[in-house]
file entry08.txt (compact mmCIF, C-alpha atoms and all ligand atoms)
# COMPACT_ATOMS: atom_id res chain seq x y z
CA MET A 1 -97.96 201.43 202.60
CA ALA A 2 -99.01 197.79 202.65
CA LEU A 3 -99.78 196.47 206.13
CA ASP A 4 -98.44 193.05 207.06
CA ALA A 5 -101.12 190.39 206.72
CA GLU A 6 -101.72 190.06 210.46
CA THR A 7 -102.21 193.81 211.05
CA ARG A 8 -104.45 194.06 208.02
CA ASP A 9 -106.62 191.17 209.20
CA GLN A 10 -106.88 192.77 212.64
CA LEU A 11 -107.96 196.08 211.12
CA ILE A 12 -110.55 194.41 208.92
CA ASP A 13 -111.84 192.40 211.86
CA THR A 14 -112.14 195.54 214.00
CA VAL A 15 -114.02 197.40 211.25
CA ARG A 16 -116.29 194.39 210.65
CA ARG A 17 -117.20 194.22 214.35
CA PHE A 18 -117.79 197.99 214.51
CA VAL A 19 -120.06 197.78 211.47
CA THR A 20 -121.99 194.79 212.81
CA GLU A 21 -122.32 195.76 216.44
CA ARG A 22 -122.37 199.55 216.36
CA LEU A 23 -123.48 200.83 212.95
CA ARG A 24 -126.02 198.29 211.69
CA PRO A 25 -128.38 198.73 214.66
CA LEU A 26 -128.45 202.49 213.93
CA GLU A 27 -129.26 202.30 210.19
CA ALA A 28 -132.98 203.09 210.49
CA LYS A 29 -132.46 205.83 213.07
CA VAL A 30 -129.77 207.59 211.02
CA SER A 31 -132.02 207.49 207.98
CA GLU A 32 -134.98 208.85 209.92
CA ASP A 33 -132.99 211.58 211.71
CA ASP A 34 -130.91 212.41 208.60
CA ALA A 35 -127.96 212.59 211.00
CA ILE A 36 -125.27 210.35 212.46
CA PRO A 37 -125.00 210.65 216.27
CA GLN A 38 -121.93 212.58 217.39
CA ASP A 39 -120.72 209.75 219.65
CA VAL A 40 -120.62 207.44 216.62
CA LEU A 41 -118.62 209.99 214.64
CA ASP A 42 -116.22 210.25 217.59
CA GLU A 43 -115.82 206.47 217.66
CA MET A 44 -115.08 206.48 213.92
CA LYS A 45 -112.35 209.05 214.55
CA ALA A 46 -110.90 206.97 217.40
CA LEU A 47 -110.84 203.91 215.13
CA GLY A 48 -108.78 205.82 212.57
CA LEU A 49 -111.43 205.76 209.84
CA TYR A 50 -110.80 209.43 208.95
CA SER A 51 -107.14 208.63 208.37
CA LEU A 52 -107.10 205.45 206.26
CA SER A 53 -105.32 207.04 203.30
CA ILE A 54 -103.34 209.79 205.04
CA PRO A 55 -99.55 209.24 205.18
CA GLU A 56 -98.16 207.99 208.47
CA ALA A 57 -95.96 211.07 208.84
CA TYR A 58 -99.12 213.14 209.34
CA GLY A 59 -100.87 210.74 211.71
CA GLY A 60 -102.62 208.54 209.15
CA LEU A 61 -102.85 204.78 208.65
CA ASP A 62 -101.34 205.17 205.18
CA LEU A 63 -103.10 202.11 203.77
CA SER A 64 -102.27 200.78 200.34
CA MET A 65 -105.08 201.14 197.82
CA GLU A 66 -105.77 197.42 198.09
CA ASP A 67 -106.05 197.55 201.88
CA GLU A 68 -108.22 200.66 201.68
CA CYS A 69 -110.54 198.81 199.29
CA LEU A 70 -110.71 195.83 201.66
CA VAL A 71 -111.72 198.19 204.47
CA GLY A 72 -114.17 199.90 202.07
CA ILE A 73 -115.83 196.55 201.41
CA GLU A 74 -116.37 196.05 205.15
CA LEU A 75 -117.80 199.54 205.50
CA GLY A 76 -120.12 198.83 202.60
CA ARG A 77 -121.94 196.26 204.72
CA THR A 78 -123.99 199.00 206.35
CA SER A 79 -125.76 202.19 205.22
CA PRO A 80 -123.43 204.11 202.90
CA ALA A 81 -124.20 207.29 204.87
CA PHE A 82 -121.80 206.17 207.60
CA ARG A 83 -118.89 205.93 205.16
CA SER A 84 -119.79 209.26 203.66
CA ALA A 85 -119.07 210.97 207.00
CA PHE A 86 -115.34 210.35 206.60
CA GLY A 87 -115.33 209.49 202.89
CA THR A 88 -114.22 212.95 201.82
CA ASN A 89 -111.42 212.99 204.44
CA VAL A 90 -109.92 209.74 203.16
CA GLY A 91 -110.87 210.35 199.53
CA ILE A 92 -111.66 213.22 197.24
CA GLY A 93 -111.42 215.91 199.95
CA SER A 94 -107.85 215.14 200.99
CA GLN A 95 -106.16 213.44 198.08
CA ALA A 96 -105.22 216.49 196.01
CA LEU A 97 -103.32 217.66 199.07
CA VAL A 98 -101.76 214.22 199.71
CA MET A 99 -100.69 213.74 196.08
CA PHE A 100 -99.79 217.29 195.01
CA GLY A 101 -99.60 219.48 198.14
CA THR A 102 -96.48 221.26 199.36
CA GLU A 103 -94.82 220.17 202.57
CA ALA A 104 -96.14 223.31 204.31
CA GLN A 105 -99.71 222.63 203.15
CA LYS A 106 -99.50 219.03 204.29
CA GLU A 107 -98.11 219.95 207.70
CA LYS A 108 -100.83 222.54 208.18
CA TYR A 109 -103.85 220.41 207.26
CA LEU A 110 -103.16 216.67 207.11
CA PRO A 111 -102.80 215.92 210.86
CA GLY A 112 -106.22 217.52 211.50
CA ILE A 113 -107.73 215.68 208.54
CA ALA A 114 -106.34 212.35 209.81
CA SER A 115 -107.77 212.88 213.29
CA GLY A 116 -111.12 214.05 211.92
CA GLU A 117 -110.74 217.44 213.57
CA ILE A 118 -110.70 219.02 210.09
CA ILE A 119 -113.41 217.92 207.65
CA THR A 120 -112.61 218.25 203.97
CA SER A 121 -114.72 218.55 200.86
CA PHE A 122 -114.08 218.42 197.10
CA ALA A 123 -115.64 221.27 195.12
CA LEU A 124 -115.51 220.57 191.39
CA THR A 125 -119.14 220.28 190.18
CA GLU A 126 -121.01 223.43 189.20
CA PRO A 127 -124.49 224.11 187.82
CA GLU A 128 -123.01 224.18 184.27
CA ALA A 129 -120.11 221.79 184.89
CA GLY A 130 -121.37 218.33 185.92
CA SER A 131 -120.19 215.52 183.64
CA ASP A 132 -118.36 218.20 181.64
CA SER A 133 -116.20 219.03 184.60
CA ALA A 134 -113.60 220.90 182.54
CA ALA A 135 -116.25 223.60 181.94
CA VAL A 136 -115.69 225.08 185.42
CA GLN A 137 -116.80 228.73 185.51
CA THR A 138 -115.83 229.66 189.06
CA ARG A 139 -113.11 232.28 188.62
CA ALA A 140 -109.89 232.75 190.53
CA VAL A 141 -108.19 236.05 189.73
CA ARG A 142 -104.67 236.71 190.99
CA ASP A 143 -104.41 239.81 193.19
CA GLY A 144 -100.91 240.21 194.66
CA ASP A 145 -100.20 237.29 196.95
CA HIS A 146 -103.84 236.19 196.89
CA TYR A 147 -106.43 234.85 194.43
CA VAL A 148 -109.97 236.19 194.51
CA LEU A 149 -112.63 233.52 193.96
CA ASN A 150 -116.13 234.12 192.60
CA GLY A 151 -118.68 231.51 191.57
CA SER A 152 -120.79 228.61 192.80
CA LYS A 153 -120.31 224.91 193.31
CA ARG A 154 -123.16 222.41 193.42
CA PHE A 155 -123.91 219.07 195.14
CA ILE A 156 -120.78 219.22 197.29
CA THR A 157 -120.58 216.27 199.70
CA ASN A 158 -120.04 217.19 203.37
CA ALA A 159 -119.99 220.92 202.51
CA ASN A 160 -122.15 221.66 205.55
CA LYS A 161 -119.50 220.20 207.85
CA ALA A 162 -116.36 221.06 205.90
CA ASP A 163 -113.56 223.14 207.33
CA VAL A 164 -111.41 223.07 204.17
CA PHE A 165 -112.48 222.74 200.55
CA THR A 166 -110.40 221.62 197.57
CA VAL A 167 -111.79 224.01 194.98
CA MET A 168 -111.24 223.88 191.23
CA ALA A 169 -111.48 227.38 189.72
CA ARG A 170 -110.61 228.95 186.39
CA THR A 171 -107.45 231.04 186.53
CA ASP A 172 -107.14 231.47 182.76
CA PRO A 173 -110.40 232.31 180.96
CA SER A 174 -108.59 232.35 177.61
CA LYS A 175 -108.34 228.56 177.98
CA PRO A 176 -111.93 227.27 178.06
CA GLY A 177 -111.16 223.59 178.94
CA GLY A 178 -109.27 221.93 181.74
CA GLY A 179 -106.03 223.77 180.91
CA GLY A 180 -107.36 227.03 182.43
CA VAL A 181 -108.29 225.47 185.77
CA SER A 182 -106.29 225.52 189.02
CA ALA A 183 -106.87 223.84 192.40
CA PHE A 184 -107.00 225.66 195.74
CA LEU A 185 -107.39 224.87 199.41
CA VAL A 186 -110.05 227.22 200.71
CA GLU A 187 -110.89 227.51 204.38
CA ARG A 188 -114.53 227.55 205.40
CA SER A 189 -113.95 230.59 207.60
CA SER A 190 -112.88 232.73 204.59
CA PRO A 191 -115.05 235.86 204.35
CA GLY A 192 -117.43 235.62 201.36
CA LEU A 193 -117.68 231.82 201.44
CA SER A 194 -121.19 230.57 202.16
CA VAL A 195 -122.75 227.10 202.18
CA GLY A 196 -126.35 226.40 201.15
CA LYS A 197 -128.85 224.18 202.93
CA PRO A 198 -128.44 220.41 202.57
CA GLU A 199 -130.46 219.11 199.59
CA LYS A 200 -133.32 216.67 200.14
CA LYS A 201 -132.18 213.48 198.43
CA MET A 202 -133.52 210.12 197.23
CA GLY A 203 -131.31 208.15 199.63
CA GLN A 204 -128.26 208.09 201.90
CA GLN A 205 -129.98 210.19 204.57
CA GLY A 206 -127.36 211.16 207.13
CA ALA A 207 -124.96 212.16 204.34
CA HIS A 208 -125.29 215.69 203.03
CA ILE A 209 -124.66 217.69 199.87
CA CYS A 210 -124.94 221.46 199.54
CA ASP A 211 -124.10 224.37 197.26
CA VAL A 212 -120.98 226.37 198.07
CA ASN A 213 -120.82 230.02 197.01
CA PHE A 214 -117.77 232.23 196.63
CA ASP A 215 -118.28 235.96 196.75
CA ASN A 216 -114.90 237.70 196.44
CA VAL A 217 -113.24 235.07 198.61
CA ARG A 218 -109.56 235.89 199.09
CA VAL A 219 -107.34 232.80 199.10
CA PRO A 220 -103.60 233.04 199.81
CA ALA A 221 -101.58 232.09 196.72
CA GLU A 222 -99.69 229.61 198.91
CA ASN A 223 -102.96 227.62 199.10
CA ARG A 224 -102.86 226.74 195.40
CA ILE A 225 -102.32 223.00 194.91
CA GLY A 226 -99.97 222.30 192.01
CA ALA A 227 -99.10 224.74 189.26
CA GLU A 228 -101.53 227.19 187.67
CA GLY A 229 -103.51 225.40 184.98
CA GLU A 230 -102.89 221.95 186.48
CA GLY A 231 -106.06 221.87 188.62
CA PHE A 232 -108.15 219.81 186.21
CA LYS A 233 -105.54 217.09 185.99
CA VAL A 234 -105.21 217.14 189.77
CA ALA A 235 -108.99 216.65 190.03
CA MET A 236 -108.98 213.80 187.52
CA GLN A 237 -106.24 211.95 189.39
CA VAL A 238 -108.12 212.41 192.64
CA LEU A 239 -111.19 210.91 190.95
CA ASP A 240 -109.20 207.94 189.56
CA ARG A 241 -108.51 207.01 193.14
CA GLY A 242 -111.96 207.92 194.46
CA ARG A 243 -113.61 205.67 191.90
CA LEU A 244 -111.80 202.65 193.30
CA HIS A 245 -112.94 203.49 196.81
CA ILE A 246 -116.56 203.83 195.61
CA SER A 247 -116.25 200.48 193.81
CA SER A 248 -115.24 198.80 197.06
CA VAL A 249 -118.22 200.26 198.89
CA CYS A 250 -120.54 198.97 196.11
CA ILE A 251 -119.10 195.49 196.62
CA GLY A 252 -119.66 195.68 200.38
CA VAL A 253 -123.28 196.72 199.93
CA ALA A 254 -123.79 193.90 197.43
CA GLU A 255 -122.31 191.36 199.84
CA ARG A 256 -124.55 192.66 202.63
CA LEU A 257 -127.65 192.43 200.45
CA ILE A 258 -126.78 188.93 199.27
CA ALA A 259 -126.43 187.81 202.91
CA ASP A 260 -129.76 189.45 203.77
CA CYS A 261 -131.39 187.69 200.78
CA VAL A 262 -129.99 184.31 201.82
CA ALA A 263 -131.25 184.76 205.40
CA TYR A 264 -134.70 185.87 204.27
CA ALA A 265 -135.05 183.24 201.56
CA SER A 266 -134.02 180.48 204.00
CA ASP A 267 -136.57 181.60 206.57
CA ARG A 268 -139.59 182.56 204.50
CA LYS A 269 -141.82 179.70 203.36
CA GLN A 270 -144.22 179.64 200.42
CA PHE A 271 -145.87 176.65 198.76
CA GLY A 272 -144.73 174.62 201.76
CA GLN A 273 -140.99 175.22 201.46
CA ALA A 274 -138.34 177.87 202.02
CA LEU A 275 -137.94 180.41 199.21
CA SER A 276 -134.30 179.32 198.97
CA GLN A 277 -135.45 175.94 197.65
CA PHE A 278 -136.94 177.52 194.52
CA GLN A 279 -134.60 177.53 191.56
CA LEU A 280 -135.84 180.90 190.30
CA ILE A 281 -134.84 182.43 193.65
CA GLN A 282 -131.54 180.55 193.53
CA ALA A 283 -130.89 181.97 190.06
CA MET A 284 -131.21 185.52 191.39
CA ILE A 285 -128.86 184.73 194.28
CA ALA A 286 -126.40 183.09 191.89
CA ASP A 287 -126.42 186.09 189.55
CA SER A 288 -125.88 188.53 192.42
CA LYS A 289 -123.05 186.45 193.87
CA THR A 290 -121.31 186.01 190.51
CA GLU A 291 -121.45 189.70 189.68
CA SER A 292 -120.30 190.71 193.15
CA LEU A 293 -117.30 188.35 192.94
CA ALA A 294 -116.44 189.75 189.50
CA ALA A 295 -116.55 193.34 190.83
CA ARG A 296 -114.36 192.34 193.78
CA ALA A 297 -111.76 190.75 191.50
CA LEU A 298 -111.69 193.74 189.11
CA THR A 299 -111.50 196.32 191.90
CA LEU A 300 -108.79 194.59 193.93
CA GLU A 301 -106.69 193.85 190.85
CA THR A 302 -106.92 197.51 189.82
CA ALA A 303 -106.04 198.61 193.35
CA ARG A 304 -102.95 196.37 193.32
CA LYS A 305 -101.95 197.80 189.95
CA ARG A 306 -102.27 201.33 191.33
CA ASP A 307 -100.17 200.30 194.34
CA THR A 308 -97.30 199.50 191.94
CA GLY A 309 -97.45 203.10 190.69
CA GLN A 310 -99.01 202.35 187.30
CA PRO A 311 -101.76 204.57 185.87
CA VAL A 312 -105.23 203.05 186.29
CA THR A 313 -107.55 205.68 184.82
CA MET A 314 -109.23 203.21 182.50
CA GLU A 315 -109.32 200.30 184.94
CA ALA A 316 -110.67 202.47 187.78
CA ALA A 317 -113.41 203.71 185.45
CA ALA A 318 -114.21 200.11 184.51
CA ALA A 319 -114.33 199.06 188.17
CA LYS A 320 -116.60 201.96 189.11
CA TYR A 321 -118.82 201.39 186.10
CA PHE A 322 -119.19 197.66 186.72
CA ALA A 323 -119.44 197.76 190.52
CA SER A 324 -122.02 200.58 190.64
CA GLU A 325 -124.21 198.99 187.96
CA MET A 326 -123.75 195.60 189.64
CA VAL A 327 -124.96 196.81 193.05
CA GLY A 328 -127.98 198.41 191.36
CA ARG A 329 -128.94 195.01 189.94
CA VAL A 330 -128.23 193.26 193.25
CA ALA A 331 -130.43 195.75 195.14
CA ASP A 332 -133.19 195.31 192.56
CA ARG A 333 -133.06 191.51 192.95
CA ALA A 334 -133.06 191.92 196.74
CA VAL A 335 -136.35 193.83 196.55
CA GLN A 336 -137.69 191.05 194.32
CA ILE A 337 -136.60 188.24 196.65
CA PHE A 338 -138.07 190.02 199.68
CA GLY A 339 -141.26 190.56 197.64
CA GLY A 340 -143.79 192.83 199.40
CA ALA A 341 -141.43 193.10 202.39
CA GLY A 342 -138.75 194.49 200.06
CA TYR A 343 -141.00 197.45 199.39
CA ILE A 344 -141.68 198.16 203.08
CA ALA A 345 -139.41 200.55 204.95
CA GLU A 346 -139.19 198.37 208.08
CA TYR A 347 -137.10 195.72 206.31
CA GLY A 348 -134.48 198.21 205.15
CA ILE A 349 -134.14 196.71 201.68
CA GLU A 350 -135.93 199.57 199.93
CA ARG A 351 -133.56 201.96 201.72
CA PHE A 352 -130.53 200.24 200.21
CA TYR A 353 -132.29 200.23 196.83
CA ARG A 354 -132.51 204.03 197.06
CA ASP A 355 -129.08 204.44 198.67
CA VAL A 356 -127.17 202.68 195.89
CA ARG A 357 -128.71 204.68 193.04
CA ILE A 358 -126.23 207.52 193.47
CA PHE A 359 -123.24 205.20 192.94
CA ARG A 360 -124.05 205.22 189.22
CA ILE A 361 -123.99 209.01 189.17
CA TYR A 362 -121.45 210.61 191.50
CA GLU A 363 -117.68 210.66 190.91
CA GLY A 364 -118.59 210.27 187.22
CA THR A 365 -121.78 208.78 185.76
CA SER A 366 -121.76 205.34 184.16
CA GLN A 367 -121.85 207.10 180.80
CA ILE A 368 -118.70 209.11 181.65
CA GLN A 369 -116.98 205.89 182.75
CA GLN A 370 -117.92 204.37 179.38
CA VAL A 371 -116.39 207.39 177.62
CA ILE A 372 -113.15 207.03 179.61
CA ILE A 373 -112.96 203.26 179.02
CA ALA A 374 -113.70 203.57 175.29
CA ARG A 375 -111.23 206.45 174.71
CA GLU A 376 -108.40 204.58 176.38
CA THR A 377 -109.23 201.26 174.71
CA LEU A 378 -109.34 202.93 171.29
CA LYS A 379 -106.04 204.67 172.06
CA ARG A 380 -104.41 201.37 173.06
CA GLY A 381 -105.84 199.58 170.06
CA GLY A 382 -107.66 197.01 172.15
N1 LIG B 1 -105.29 211.64 184.94
C1 LIG B 1 -104.41 212.55 184.49
N2 LIG B 1 -104.71 213.43 183.51
C2 LIG B 1 -105.95 213.38 182.99
C3 LIG B 1 -106.91 212.45 183.42
C4 LIG B 1 -106.54 211.55 184.44
N3 LIG B 1 -107.40 210.64 184.93
N4 LIG B 1 -108.05 212.63 182.74
C5 LIG B 1 -107.82 213.63 181.87
N5 LIG B 1 -106.54 214.09 182.01
C6 LIG B 1 -105.87 215.13 181.27
C7 LIG B 1 -105.82 214.75 179.80
O1 LIG B 1 -104.68 213.97 179.53
C8 LIG B 1 -105.75 216.11 179.12
O2 LIG B 1 -104.43 216.58 179.22
P1 LIG B 1 -103.74 217.42 177.99
O3 LIG B 1 -104.60 218.65 177.86
O4 LIG B 1 -102.37 217.69 178.48
O5 LIG B 1 -103.83 216.51 176.80
C9 LIG B 1 -106.61 216.98 180.03
O6 LIG B 1 -106.65 216.33 181.32
C10 LIG B 1 -108.03 217.12 179.54
O7 LIG B 1 -108.58 215.81 179.47
P2 LIG B 1 -109.70 215.40 178.44
O8 LIG B 1 -109.36 215.96 177.09
O9 LIG B 1 -109.92 213.93 178.54
O10 LIG B 1 -110.95 216.20 179.02
P3 LIG B 1 -112.48 216.12 178.59
O11 LIG B 1 -113.06 217.39 179.01
O12 LIG B 1 -112.62 215.66 177.20
O13 LIG B 1 -113.08 214.89 179.44
C11 LIG B 1 -113.85 213.70 181.38
C12 LIG B 1 -112.83 214.63 180.74
C13 LIG B 1 -115.18 213.58 180.68
C14 LIG B 1 -113.23 212.34 181.51
C15 LIG B 1 -114.01 214.38 182.76
O14 LIG B 1 -114.61 215.65 182.59
C16 LIG B 1 -114.78 213.58 183.77
O15 LIG B 1 -114.25 212.66 184.38
N6 LIG B 1 -116.03 213.99 184.02
C17 LIG B 1 -116.80 213.48 185.09
C18 LIG B 1 -116.49 214.31 186.28
C19 LIG B 1 -116.91 213.71 187.54
O16 LIG B 1 -116.56 212.58 187.86
N7 LIG B 1 -117.67 214.49 188.29
C20 LIG B 1 -118.07 214.12 189.58
C21 LIG B 1 -117.65 215.22 190.48
S1 LIG B 1 -116.93 214.74 191.91
S2 LIG B 1 -118.32 213.86 192.94
call {"tool": "encode", "arguments": {"input": "entry08.txt", "output": "structure tokens"}}
result
Amino acid sequence: MALDAETRDQLIDTVRRFVTERLRPLEAKVSEDDAIPQDVLDEMKALGLYSLSIPEAYGGLDLSMEDECLVGIELGRTSPAFRSAFGTNVGIGSQALVMFGTEAQKEKYLPGIASGEIITSFALTEPEAGSDSAAVQTRAVRDGDHYVLNGSKRFITNANKADVFTVMARTDPSKPGGGGVSAFLVERSSPGLSVGKPEKKMGQQGAHICDVNFDNVRVPAENRIGAEGEGFKVAMQVLDRGRLHISSVCIGVAERLIADCVAYASDRKQFGQALSQFQLIQAMIADSKTESLAARALTLETARKRDTGQPVTMEAAAAKYFASEMVGRVADRAVQIFGGAGYIAEYGIERFYRDVRIFRIYEGTSQIQQVIIARETLKRGG
């Protein structure tokens, strides 16, 4: 639902102040501790950040895609780990349920997801099914009014905190591709479900990914999302949406880094004048600003198109591809503008440089986005 302009501006203003006053001072600590303080998580819940995309009927803010992207841009102005804490609840962890769940499933889970009491996670990737996500090997075998799940998922965001997983598993082994896959809501407390230790990562400390293992996990048939064999398509539609959210966060990080570069370049003097007076520095700032504006325009236009109910698979892939590559270049230039200081932990720029690297990989690598864009463009004839 689109908010009226005044309410939307108020929300954005509140999030901007929260990011500036509460989250930014904690960036280094969260990175060092590899954890977000519980009181900050509680404040995020109170602000409604876990509920941005959840329908109003279940206690959510029910933002339009465009408004969610505008909030995502604000949240991007700090360490991406903060957003990751609730990112699965508003994104890939909840959206299969929001878009394809039954009324009973929604009533059972969505209010808790919106309040942040229930943490969700999206379990698609496997050791042998990364970019080739239709190659899911985790099996779900029907047994009376249950399915029995066996297999392993890899690199699952927020798995260590999750209460409910959206799991893609193969119900029909005679269909090797996406057509044999179904989606399920699986509760963390299910006997036989275990979660591995959080992986040590290049960046985004404070956000966690883990393996999830299923050893004869019995899942009630009523927890299947959508029809048997529709799970891959469900997952792809969830990702179409998730890719727009990721794009908005990339834009926010880029805007933050550009502001940091301007402040540093205005203050730091070399050869008797501020770095900002040098045209080669100005060129880097101009390139970063131009690319960031282009990503913003592409992402928001795609979000508005999605809000009208039109399919945006290709455009969302293009936004994610461009925005994630763009923020990589912006972070690289930021290190360059900061010079030696850009390489030193204390300044925080090298942390962003590491943090943004994953944007080109998760929710579909840049190469997968290129495949999606090219396929659709070839199909459309231009
Ligand atoms: N929306 C709706 N349906 C979709 C869809 C989408 N976005 N994408 C694919 N489908 C449908 C196709 O229309 C096709 O349906 P039919 O069988 O009825 O024709 C079916 O799903 C299979 O699609 P496709 O043939 O394109 O599958 P492929 O295996 O060739 O490729 C890609 C799919 C590569 C695009 C997919 O595997 C992908 O996005 N991979 C990256 C996964 C990813 O992002 N992983 C990150 C994990 S989450 S952090």
call {"tool": "atom_distance", "arguments": {"input": "entry08.txt", "atom1": "atom C2 of ligand LIG 1 (chain B)", "atom2": "CA of Glu128 (chain A)"}}
result
20.2 Å
call {"tool": "closest_atom_pairs", "arguments": {"input": "entry08.txt", "of": "chain A", "to": "ligand LIG 1 (chain B)", "cutoff": "9 Å", "atoms": "all atoms listed in the file", "output": "tab-separated table"}}
result
residue	atom	partner	partner_atom	distance
A:Ile92	CA	B:LIG1	S1	7.6
A:Phe122	CA	B:LIG1	S1	7.0
A:Ala123	CA	B:LIG1	S1	7.4
A:Leu124	CA	B:LIG1	C21	5.8
A:Thr125	CA	B:LIG1	C21	5.3
A:Glu126	CA	B:LIG1	C21	9.0
A:Ala129	CA	B:LIG1	N7	8.4
A:Gly130	CA	B:LIG1	N7	5.8
A:Ser131	CA	B:LIG1	C17	4.2
A:Asp132	CA	B:LIG1	O14	4.6
A:Ser133	CA	B:LIG1	O14	4.2
A:Ala134	CA	B:LIG1	O11	5.0
A:Ala135	CA	B:LIG1	O11	7.6
A:Phe155	CA	B:LIG1	S2	8.0
A:Ile156	CA	B:LIG1	S2	7.3
A:Thr157	CA	B:LIG1	S2	7.5
A:Gly177	CA	B:LIG1	O11	6.5
A:Gly178	CA	B:LIG1	C10	5.4
A:Gly179	CA	B:LIG1	O3	6.1
A:Glu230	CA	B:LIG1	O6	8.5
A:Phe232	CA	B:LIG1	O6	6.2
A:Lys233	CA	B:LIG1	N2	4.5
A:Val234	CA	B:LIG1	C1	7.0
A:Ala235	CA	B:LIG1	C4	8.0
A:Met236	CA	B:LIG1	N3	4.4
A:Gln237	CA	B:LIG1	N1	4.6
A:Val238	CA	B:LIG1	N3	7.9
A:Leu239	CA	B:LIG1	O16	6.4
A:Asp240	CA	B:LIG1	N3	5.7
A:Gly242	CA	B:LIG1	S1	8.8
A:Arg243	CA	B:LIG1	O16	8.5
A:Pro311	CA	B:LIG1	N1	8.0
A:Val312	CA	B:LIG1	N3	8.0
A:Thr313	CA	B:LIG1	N3	5.0
A:Met314	CA	B:LIG1	N3	8.0
A:Ile361	CA	B:LIG1	C20	7.8
A:Tyr362	CA	B:LIG1	S2	4.7
A:Glu363	CA	B:LIG1	C20	3.7
A:Gly364	CA	B:LIG1	O16	3.1
A:Thr365	CA	B:LIG1	O16	6.8
A:Ile368	CA	B:LIG1	C13	5.8
A:Gln369	CA	B:LIG1	O15	7.5
A:Val371	CA	B:LIG1	C13	7.0
A:Ile372	CA	B:LIG1	C14	5.6
A:Arg375	CA	B:LIG1	O9	8.5
call {"tool": "atom_distance", "arguments": {"input": "entry08.txt", "atom1": "CA of Ala265 (chain A)", "atom2": "CA of Glu291 (chain A)"}}
result
19.2 Å
call {"tool": "atom_distance", "arguments": {"input": "entry08.txt", "atom1": "CA of Ser324 (chain A)", "atom2": "CA of Cys250 (chain A)"}}
result
5.9 Å
call {"tool": "residues_around", "arguments": {"input": "entry08.txt", "residues": "Pro127 (chain A)", "least_positions_apart": "6", "cutoff": "8 Å", "atoms": "only C-alpha atoms", "output": "list in words"}}
result
Ser152, Lys153 and Arg154 of chain A
call {"tool": "residues_near_point", "arguments": {"input": "entry08.txt", "point": "(-133.0, 182.3, 206.3)", "cutoff": "12 Å", "atoms": "all atoms listed in the file", "output": "short mmCIF file (atom, residue, chain, number, x, y, z; two decimals) with C-alpha atoms, in the coordinates of the input"}}
result
data_model
loop_
_atom_site.label_atom_id
_atom_site.label_comp_id
_atom_site.auth_asym_id
_atom_site.auth_seq_id
_atom_site.Cartn_x
_atom_site.Cartn_y
_atom_site.Cartn_z
CA ILE A 258 -126.78 188.93 199.27
CA ALA A 259 -126.43 187.81 202.91
CA ASP A 260 -129.76 189.45 203.77
CA CYS A 261 -131.39 187.69 200.78
CA VAL A 262 -129.99 184.31 201.82
CA ALA A 263 -131.25 184.76 205.40
CA TYR A 264 -134.70 185.87 204.27
CA ALA A 265 -135.05 183.24 201.56
CA SER A 266 -134.02 180.48 204.00
CA ASP A 267 -136.57 181.60 206.57
CA ARG A 268 -139.59 182.56 204.50
CA LYS A 269 -141.82 179.70 203.36
CA GLN A 273 -140.99 175.22 201.46
CA ALA A 274 -138.34 177.87 202.02
CA LEU A 275 -137.94 180.41 199.21
CA SER A 276 -134.30 179.32 198.97
CA GLN A 277 -135.45 175.94 197.65
CA ILE A 337 -136.60 188.24 196.65
CA PHE A 338 -138.07 190.02 199.68
#
call {"tool": "residues_around", "arguments": {"input": "entry08.txt", "residues": "Asp42 (chain A)", "least_positions_apart": "4", "cutoff": "12 Å", "atoms": "only C-alpha atoms", "output": "ChimeraX atom specification"}}
result
/A:36-38,46-50,85-86,115-117
call {"tool": "closest_residue", "arguments": {"input": "entry08.txt", "among": "A:Ala140, A:Val249, A:Leu257, A:Ala317", "to": "Ser288 (chain A)", "atoms": "only C-alpha atoms"}}
result
A:Leu257
call {"tool": "closest_residue", "arguments": {"input": "entry08.txt", "among": "A:Val164, A:Ile209, A:Leu149, A:Met99", "to": "Ser182 (chain A)", "atoms": "all atoms listed in the file"}}
result
A:Leu149
call {"tool": "closest_residue", "arguments": {"input": "entry08.txt", "among": "A:Ile246, A:Gly328, A:Ile118, A:Ala345", "to": "Arg188 (chain A)", "atoms": "all atoms listed in the file"}}
result
A:Ile118
call {"tool": "axis_aligned_box", "arguments": {"input": "entry08.txt", "around": "region 42-58 of chain A", "padding_each_side": "5 Å", "output": "JSON"}}
result
{"center_x": -106.1, "center_y": 208.5, "center_z": 210.5, "size_x": 30.3, "size_y": 19.2, "size_z": 24.4}
call {"tool": "residues_around", "arguments": {"input": "entry08.txt", "residues": "Ala57 (chain A)", "least_positions_apart": "2", "cutoff": "10 Å", "atoms": "all atoms listed in the file", "output": "list in words"}}
result
Ile54, Pro55, Gly59, Gly60, Leu61, Asp62, Lys106, Glu107, Leu110 and Pro111 of chain A
call {"tool": "residues_around", "arguments": {"input": "entry08.txt", "residues": "Ala207 (chain A)", "least_positions_apart": "3", "cutoff": "7 Å", "atoms": "only C-alpha atoms", "output": "mmCIF file with C-alpha atoms, keeping the file's coordinate frame"}}
result
data_model
loop_
_atom_site.group_PDB
_atom_site.id
_atom_site.type_symbol
_atom_site.label_atom_id
_atom_site.label_comp_id
_atom_site.auth_asym_id
_atom_site.auth_seq_id
_atom_site.Cartn_x
_atom_site.Cartn_y
_atom_site.Cartn_z
ATOM 1 C CA ALA A 81 -124.200 207.290 204.870
ATOM 2 C CA SER A 84 -119.790 209.260 203.660
ATOM 3 C CA ALA A 85 -119.070 210.970 207.000
ATOM 4 C CA GLN A 204 -128.260 208.090 201.900
#
